[in-house]
Amino acid sequence: MSYSELYTRYTRVWIPDPDEVWRSAELTKDYKDGDKSLQLRLEDDTVLEYPIDVQKNQVPFLRNPDILVGENDLTALSYLHEPAVLHNLKVRFLESNHIYTYCGIVLVAINPYEQLPIYGQDVIYAYSGQNMGDMDPHIFAVAEEAYKQMARDEKNQSIIVSGESGAGKTVSAKYAMRYFATVGGSASDTNIEEKVLASSPIMEAIGNAKTTRNDNSSRFGKFIEIGFDKKYHIIGANMRTYLLEKSRVVFQAEDERNYHIFYQLCAAASLPEFKELALTCAEDFLYTSHGGSTTIEGVDDAEDFEKTRQALTLLGVRDSHQISIFKIIASILHLGSVEIQSERDGDSCSIPPQDEHLSNFCRLLGVEHSQMEHWLCHRKLVTTSETYVKTMSLQQVVNARNALAKHIYAQLFSWIVEHINKALHSSLKQHSFIGVLDIYGFETFEINSFEQFCINYANEKLQQQFNSHVFKLEQEEYMKEQIPWTLIDFYDNQPCIDLIEAKLGILDLLDEECKVPKGTDQNWAQKLYERHSSSQHFQKPRMSNTAFIVVHFADKVEYLSDGFLEKNRDTVYEEQINILKASKFPLVADLFHDDKDSVPATSTAKNRSTSKINIRSSRPPMKVSNKEHKKSVGYQFRTSLNLLMETLNATTPHYVRCIKPNDEKLPFHFDPKRAVQQLRACGVLETIRISAAGYPSRWTYHDFFNRYRVLMKKRELANTDKKSICKSVLESLIKDPDKFQFGRTKIFFRAGQVAYLEKLRADKFREATIMIQKTVRGWLQKLKYRRLKAATITLQRFYRGHLARRLAEHLRRTRAAIVFQKQYRMQRARQAYRRVCRAAVVIQSFTRAMFVRRNYCQILKEHKATIIQKYARGWMARRHFQRQRDAAIVIQCAFRRLKAKQELKALKIEARSAEHLKRLNVGMENKVVQLQRKIDDQNKEFKTLSEQLSVVTSTHAMEVEKLKRELAHYQQNQEADTSLQLQEEVQSLRTELQRAQSERKVLEDAHSRENNELRKRVADLEHENALLKDEKEHLNNQILRQSKAEFSQSSVEESLLMKKELEEERSRYQNLVKEYSRLEQRYENLRDEVTVLKQTPGHRKNPSNQSSLESDSNYPSISTSEIGDTEDALQQVEEIGVEKAAMDMSVFLKLQKRVRELEQERKKLQVQLEKEQQDSKKAQMEQQNNGIDVDHDADLAYNSLKRQELESENKKLKNDLNELRKAVADQAMQDNSTHSSPDSYSLLLNQLKLANEELEVRKEEVLILRTQIMNADQRRLAGKNMEPNINARTSWPNSERHVDQEDAIEAYHGVCQTNSQTEDWGYLNEDGELGLAYQGLKQVARLLEAQLQAQSLEHEEEVERLKTQVETLKEEMDKQQQTFCQTLLLSPEAQVEFGVQQEISRLTNENLDFKELIEKLEKNERKLKKQLKIYMKKVQDLEAAQALAQSDRRHHELTRQVTVQRKEKDFQGMLEYHKEDEALLIRNLVTDLKPHMLSGTVPCLPAYILYMCVRHADYTNDDLKVHSLLSSTINGIKKVLKKHNDDFEMTSFWLSNTCRFLHCLKQYSGDEGFMTQNTPKQNEHCLKNFDLTEYRQVLSDLSIQIYQQLIKIAEGLLQPMIVSAMLENESIQGLSGVRPTGYRKRSSSMVDGENSYCLEAIIRQMNSFHTVMCDQGLDPEIILQVFKQLFYMINAVTLNNLLLRKDACSWSTGMQLRYNISQLEEWLRGKNLHQSGAVQTMEPLIQAAQLLQLKKKTQEDAEAICSLCASLSTQQIVKILNLYTPLNEFEERVTVSFIRTIQAQLQERNDPQQLLLDSKHMFPVLFPFNPSSLTMDSIHIPACLNLEFLNEV
């Protein structure tokens, strides 16, 4: 394509910029051929004219389309050049916070300078097993690729990590090793992976230091080989180091530090074990204070030192060696601080004799002080004839001291590395290895010396190897695709390498100059000028004669020759080394031995003959030399580098290039200048250049067809062959055939062609968009016009009608107005006339009246003037009085109001308090009663006053009448004389009357006012009381509601918490079960391995079935250990046979246990006998006159009889046991042919049988004797009850009878003689039997009397105990009364709370008491059941023995046995089998059973058959049979599951059968809680004798293990399908777009034949799971839990891949996910599994899909996202937004500001820090009880099971 086609308007380009390196611009005008410049507009709208030169190809770089920006792989970019690479890295680093990016085969890692949560175990598991291009770039992806290629190709791998100091090399290498340690953990218990990781802190301590660029800079290179066995588990490791920077030991630049170990040791100097080191702070030593800064921010040296010591201990370095290492390090610090004084002549110097540091140095290294002091200041010169000792100047001494310090540290460094390698070495054969190379990157400083020269030389070699490997991969790719290729021109740095290492090169000339006696750096520089001045890679600076320039592949570097010779020689004087060799400490002497100075190299021929690379030491081989100069440092480095290159060339390399984004160590800050400099130096741009020189863009035919089908024509699409379609389209679109090539599976494009195709595609879309917009806009305008036209016509129609109606209305209104005017005018004229008439009449009347009123007013005014004057004067007086009174009242009111406000405020404050309410409520009724009483008193008083007033009034009236009569009489008599006197009296009486009336009025007013005030006050108080009552009720209700709400809330919270704790406990328990099963499996594997290793020809297995069962089963037996009887042992011997029992120790153990039980019983009886003797002695003292002596002797005789009987039995059993042991020992001494001569064992068995029969006979006799005694007692009791006089003291018949003492003594001696004899006890039936029985009867009577006395004592004790309980209850009642009184004094709220607390405490105590009672009852029940079983078995054995012994004499007993058998036949639902058929039963029913054999039968048939067998064993009370059957069944199921550990059908089959067996054991256990749904017939099938609770727990644990195996199998089948089906497959066709891919999607980086799955495959697989589980009768609740777990796994795997795949985070993926999830939900509803909670487990994935589809621009969008994505964590939301990738250029990216807004709104969330979901998480499983409706007698056994030996009972 021509420039005019590429450089058109709106095309974006890159132009150089001095600040940002490259700057983006846009063309404002099309380029035309012949133009000398381009018209550009920058991003800040600045217009620029950029000059170009087409002939010299000096045109700006084209910018990639936005759709390609942010790609995971730089090679996926269409335009491959420096600005495109830089911009892509910048966008990924700053906007998406992605620190890893692929560049072909190179992983570019940018140091973020902050911790990122992307290195956890979950991320490791997410990358494990994935292809490199499927996930986002990561160091784990590179490690997984290396691990996978090692396992697939069986070839050694290497990971080369390089970069500048501070770029993150060490961290990257550490994470790579962590990945290998996690994925390829050691198969044994050696924990070699932990040791490999433990070497990192040690090497960082002794080899890392703080520099100006990095706080933890590695100052050496290391290559770690991690060895693997054939199963690709780590078995060991080896480390090689390169070029330790020894000069840092003695000198550090400003703001730098020495190695970390020095500062760590100084920080721990205060520890007691380090007191002898005589260390202080780091500032006190010269070697640690050169840089000025002795601390690092955020680093605790003491804590790091403790980690270093722990790592040394883990790697096996003994404490003594650790102390020696620390002594050597401390001695180096002391050596650097030795004070050296110059003498006056200047040619010599000395050390003060009392120098403390030198003394510490000699003491710590164990050397002589005088010799070291001498040879530090002197040197030895050896000539051919003489030897001279010469003094040294001050500078020479300092240099020698520094050289010695560097040498000591270097030797110690090598020793530590060697011991680390020994700790990591394995004796197993290494199959392959993966090497991790952590080496320094290209360095250039202002002053570059020998170290930088060696570093850059190593990078030259590595770059050469890198270039050749990249070229090789490109060649392989082209050859694989069968396309022609030409030689790609790439930079070859071999000339530069030859300049350095060839003959007479820089290093060769340096070594020659070092051999010259007086060689100098200047002379060496001159030789370089003379020799290499013509070389293209060597230059001489203009202004210097001691420097030289080497043109490296990365840049020109100027080296200063000063110091090259000294550093290359690495001179250490032999005399000082000899002193150290003579050290009294072995470690110090070993460091400087000659064998440490040379390490032999392995044979080269051997290396060539083997395909594996042998481990070599980094130190080159050198001969032992006594000269001062050994082989130079340059020579050693060159040799070790060549060995390294040999190793790398023999491996498949993987490259990690670490980039330092800025020099200020700021997090996520990108400096383009520094980044470009490192990209050029590390070879990334060279990779881009090599890729761009060929065909960098590669598309598969399918992807190309899907992406660019819009450029194809309809006739081209008619062809069905996509490959031919692509060829025809490309040939028509790109005219130059050299711009593309057609491979076998891919299309290869030159650089820029994909961008051109994208431009054509965008133009096509733009044209189509314009066409669509034009058509749509025209259609919209036409639609708008039609709507406007219709609306206009409608408006016109309505408006014209409105005008016509308005005109008609106007005409009607005009006519009506005329009528109104006529009538109105007539009315107005009539009214005017009438108004005039009325006015005239009114005027006349008013005028006449005016004159009359005028006269009247004049008279009236004169009369009223006098009245006004009177009232005015009175009013003035009253107003003055009222003003005075009102002023006083106002003052009083103001004062009272002030007081009232204060009181009101206080009352309000008091009213708000609870105390006021209480006081008010307590005293309110009393106050109301008091006020009522006061009102009644006042009413009474008012009534009294009213009566008095009426009396006074009547009296006064009577007196007035009397006075009036007297006055009239007196007037009649003396009218003339007394008139004046009478008038005065009348006046005085009137005055008194008025005064009395006024007083009365005042009293009435006061009474009424007081009465009104009282009534008002009472009403107010009543109203206030009512308000207070309402408020009280309201507050009480509120308190009650609040307390109820709090109680309910607390109860709900407690229930939720308890539920959560229960789930956690269940999960922990099931994890323990899972871990137990794993350990059990591991134990079995180890046992098999040990068996294979230790098996010898003479070895034979244990023939005992019983012992093998006990060893296989780890579960307890049922009551076997508790019974432990001799009969069981003999029966067991008879069952298993002579041959098998010979080697079975269980019989002897049971006999031995029986002996111990008899011993314990004897001791207990002896103690009881002694106690009874003491009691009898006391009774004898109290009742000497009652004749009790004889009874005492009888009791003593009876007890002695019983004791001697037991002792005799015990002694016989002991003898039998000893004989049995002896016989077994004799039998064990014989050969293996024991079965051929069983005579001795038969004899032994006969002896045991005889002993057992004798014991049975004795027991029978004792039972007969006791029966006779009891019958006699009953007859005597019946006789005694007839007598009227019964002694009230006792009810026993023989208590008062006299017993003959001689008879008792005689019976006692007779019994003793009988015990001493060895004859059968059958002689008791001879003469004297009745007498002995009579004596025994008397003794039994005495025994019963003693028992009665004991019962009376117990009764008294019970009475005392009841009294104590009564006292306790009284005290408790007193406490409760006190508590009740205290409760009454509390507030209502406190009363409620206290009551609730008391109730809770009471219920808790009752609950605990009930629990204890239940436990006691259960324990007692189990004890009684066990005793009942023992007695039943003894009775059965006794009856069987009697039947066999007396079958001829007692035929009726046989009839009784037949009757029992006939009764057993009545039971149904039991299966009987013989003991020898048990193995056949397990084999046919468990081991060899296939699920398809039972198709069409009852589900879980094996479980029912097993239960029927167990039920028969329970019916026969055969505990051994039950134990053996259950143990064999469990072990058989385990073996089947182990054999079919990947068979879902078999696992599901046994899960359903195990659960059904468990349900049967519960349903028929006899526990009422499990029998609620049983029918009466099913209740008859319950177990009668045994409690199998422990076995139910065992079966529950087994069910958990089977369930976990089932989930594991299902997950293993589903997991390969999930990512492909949920994320990659196009469920909705044509929705997803295809984007360009880079090298990581090449076929060479992936395994061929990878399958692609669709969602239908997952649904089919789950349908298969569901069908299998339903057909096999698995419980529905378990099926729900299975699919809940599987859906969680689908959610976790899909979401984790979504979070780690940038290409999957798009709108179309969200749409596909929504569709796929809806299909899964529909499947759940179709299978009626929607209640399982599976959909809830998919909620995070649903929200992630919605997040991909939501709008992501405004603040409202951010709020919607935060509210919607509640199940996603903040990190997951931000990660998805950062990964979101538009599918085309029309879609916008998520802005950084929007992501910051999301983060700000989600700050308050307390989300976990984990980014990925735990796909290994397993929900705890529940097995709810599910009883069966089938009865055992209705089950039919098919013939295909081959169980004919089972008999239905």
# chains A, B, ... in the order shown; residues from 1 in each chain; ligands from 1
>>> residues_around(residues="Asp1514 of chain A", least_positions_apart="3", cutoff="7 Å", atoms="only C-alpha atoms", output="mmCIF file with C-alpha atoms, in the first residue's frame")
data_model
loop_
_atom_site.group_PDB
_atom_site.id
_atom_site.type_symbol
_atom_site.label_atom_id
_atom_site.label_comp_id
_atom_site.auth_asym_id
_atom_site.auth_seq_id
_atom_site.Cartn_x
_atom_site.Cartn_y
_atom_site.Cartn_z
ATOM 1 C CA VAL A 1510 -27.916 -58.434 60.859
ATOM 2 C CA ARG A 1511 -31.410 -58.907 62.275
ATOM 3 C CA ASN A 1517 -27.819 -62.881 70.171
ATOM 4 C CA ASP A 1518 -24.563 -63.554 68.325
ATOM 5 C CA LEU A 1583 -33.626 -55.245 66.752
ATOM 6 C CA LYS A 1584 -34.100 -56.923 70.120
ATOM 7 C CA ASN A 1585 -30.690 -57.398 71.706
ATOM 8 C CA PHE A 1586 -28.030 -55.028 70.344
#
>>> residues_around(residues="His956 of chain A", least_positions_apart="3", cutoff="12 Å", atoms="only C-alpha atoms", output="NGL selection string")
:A and (948-953 or 959-963 or 989-990 or 992-994 or 996-997)
>>> residues_around(residues="Lys527 of chain A", least_positions_apart="6", cutoff="12 Å", atoms="only C-alpha atoms", output="ChimeraX atom specification")
/A:504-510,512-513,519-521,533,540,545-548,561
>>> closest_residue(among="A:Phe450, A:Ser24, A:Ala675, A:His1474", to="Val108 of chain A", atoms="only C-alpha atoms")
A:Ala675
>>> residues_around(residues="Glu446 of chain A", least_positions_apart="2", cutoff="9 Å", atoms="only C-alpha atoms", output="VMD selection string")
chain A and resid 444 448 558
>>> closest_atom_pairs(of="segment 883-971 of chain A", to="segment 1003-1019 of chain A", cutoff="12 Å", atoms="only C-alpha atoms", output="Markdown table")
| residue | atom | partner | partner_atom | distance |
| --- | --- | --- | --- | --- |
| A:Lys927 | CA | A:Val1018 | CA | 10.0 |
| A:Val928 | CA | A:Val1018 | CA | 7.9 |
| A:Val929 | CA | A:Val1018 | CA | 10.5 |
| A:Gln930 | CA | A:Val1018 | CA | 10.4 |
| A:Leu931 | CA | A:Val1018 | CA | 6.9 |
| A:Gln932 | CA | A:Val1018 | CA | 8.0 |
| A:Arg933 | CA | A:Val1018 | CA | 11.1 |
| A:Lys934 | CA | A:Leu1014 | CA | 9.0 |
| A:Ile935 | CA | A:Leu1014 | CA | 7.2 |
| A:Asp936 | CA | A:Leu1014 | CA | 10.8 |
| A:Asp937 | CA | A:Asn1011 | CA | 11.2 |
| A:Gln938 | CA | A:Asn1011 | CA | 7.7 |
| A:Asn939 | CA | A:Asn1011 | CA | 8.2 |
| A:Lys940 | CA | A:Asn1011 | CA | 11.6 |
| A:Glu941 | CA | A:His1007 | CA | 9.7 |
| A:Phe942 | CA | A:His1007 | CA | 7.2 |
| A:Lys943 | CA | A:His1007 | CA | 10.5 |
| A:Thr944 | CA | A:His1007 | CA | 11.8 |
| A:Leu945 | CA | A:Leu1003 | CA | 9.1 |
| A:Ser946 | CA | A:Glu1004 | CA | 8.7 |
| A:Gln948 | CA | A:Leu1003 | CA | 11.8 |
| A:Leu949 | CA | A:Glu1004 | CA | 9.5 |
| A:Ser950 | CA | A:Glu1004 | CA | 11.9 |
>>> residues_around(residues="Arg178 of chain A", least_positions_apart="2", cutoff="12 Å", atoms="only C-alpha atoms", output="ChimeraX atom specification")
/A:119-121,123-124,139-140,143-144,171-176,180-185,192-200,226,234,436
>>> select_by_dssp(residues="segment 1400-1626 of chain A", states="helix (DSSP H, G or I)", output="PyMOL selection string")
chain A and resi 1400-1445+1451-1464+1475-1487+1491-1494+1501-1515+1519-1539+1544-1563+1568-1570+1576-1579+1589-1624
>>> closest_residue(among="A:Asn1847, A:Leu1485, A:Leu1501, A:Val656", to="Glu1472 of chain A", atoms="only C-alpha atoms")
A:Asn1847
>>> closest_residue(among="A:Leu1843, A:Leu1700, A:Leu898, A:Leu711", to="Asn1778 of chain A", atoms="only C-alpha atoms")
A:Leu1700
>>> atom_distance(atom1="atom CA of His669 of chain A", atom2="atom CA of Ser96 of chain A")
12.8 Å
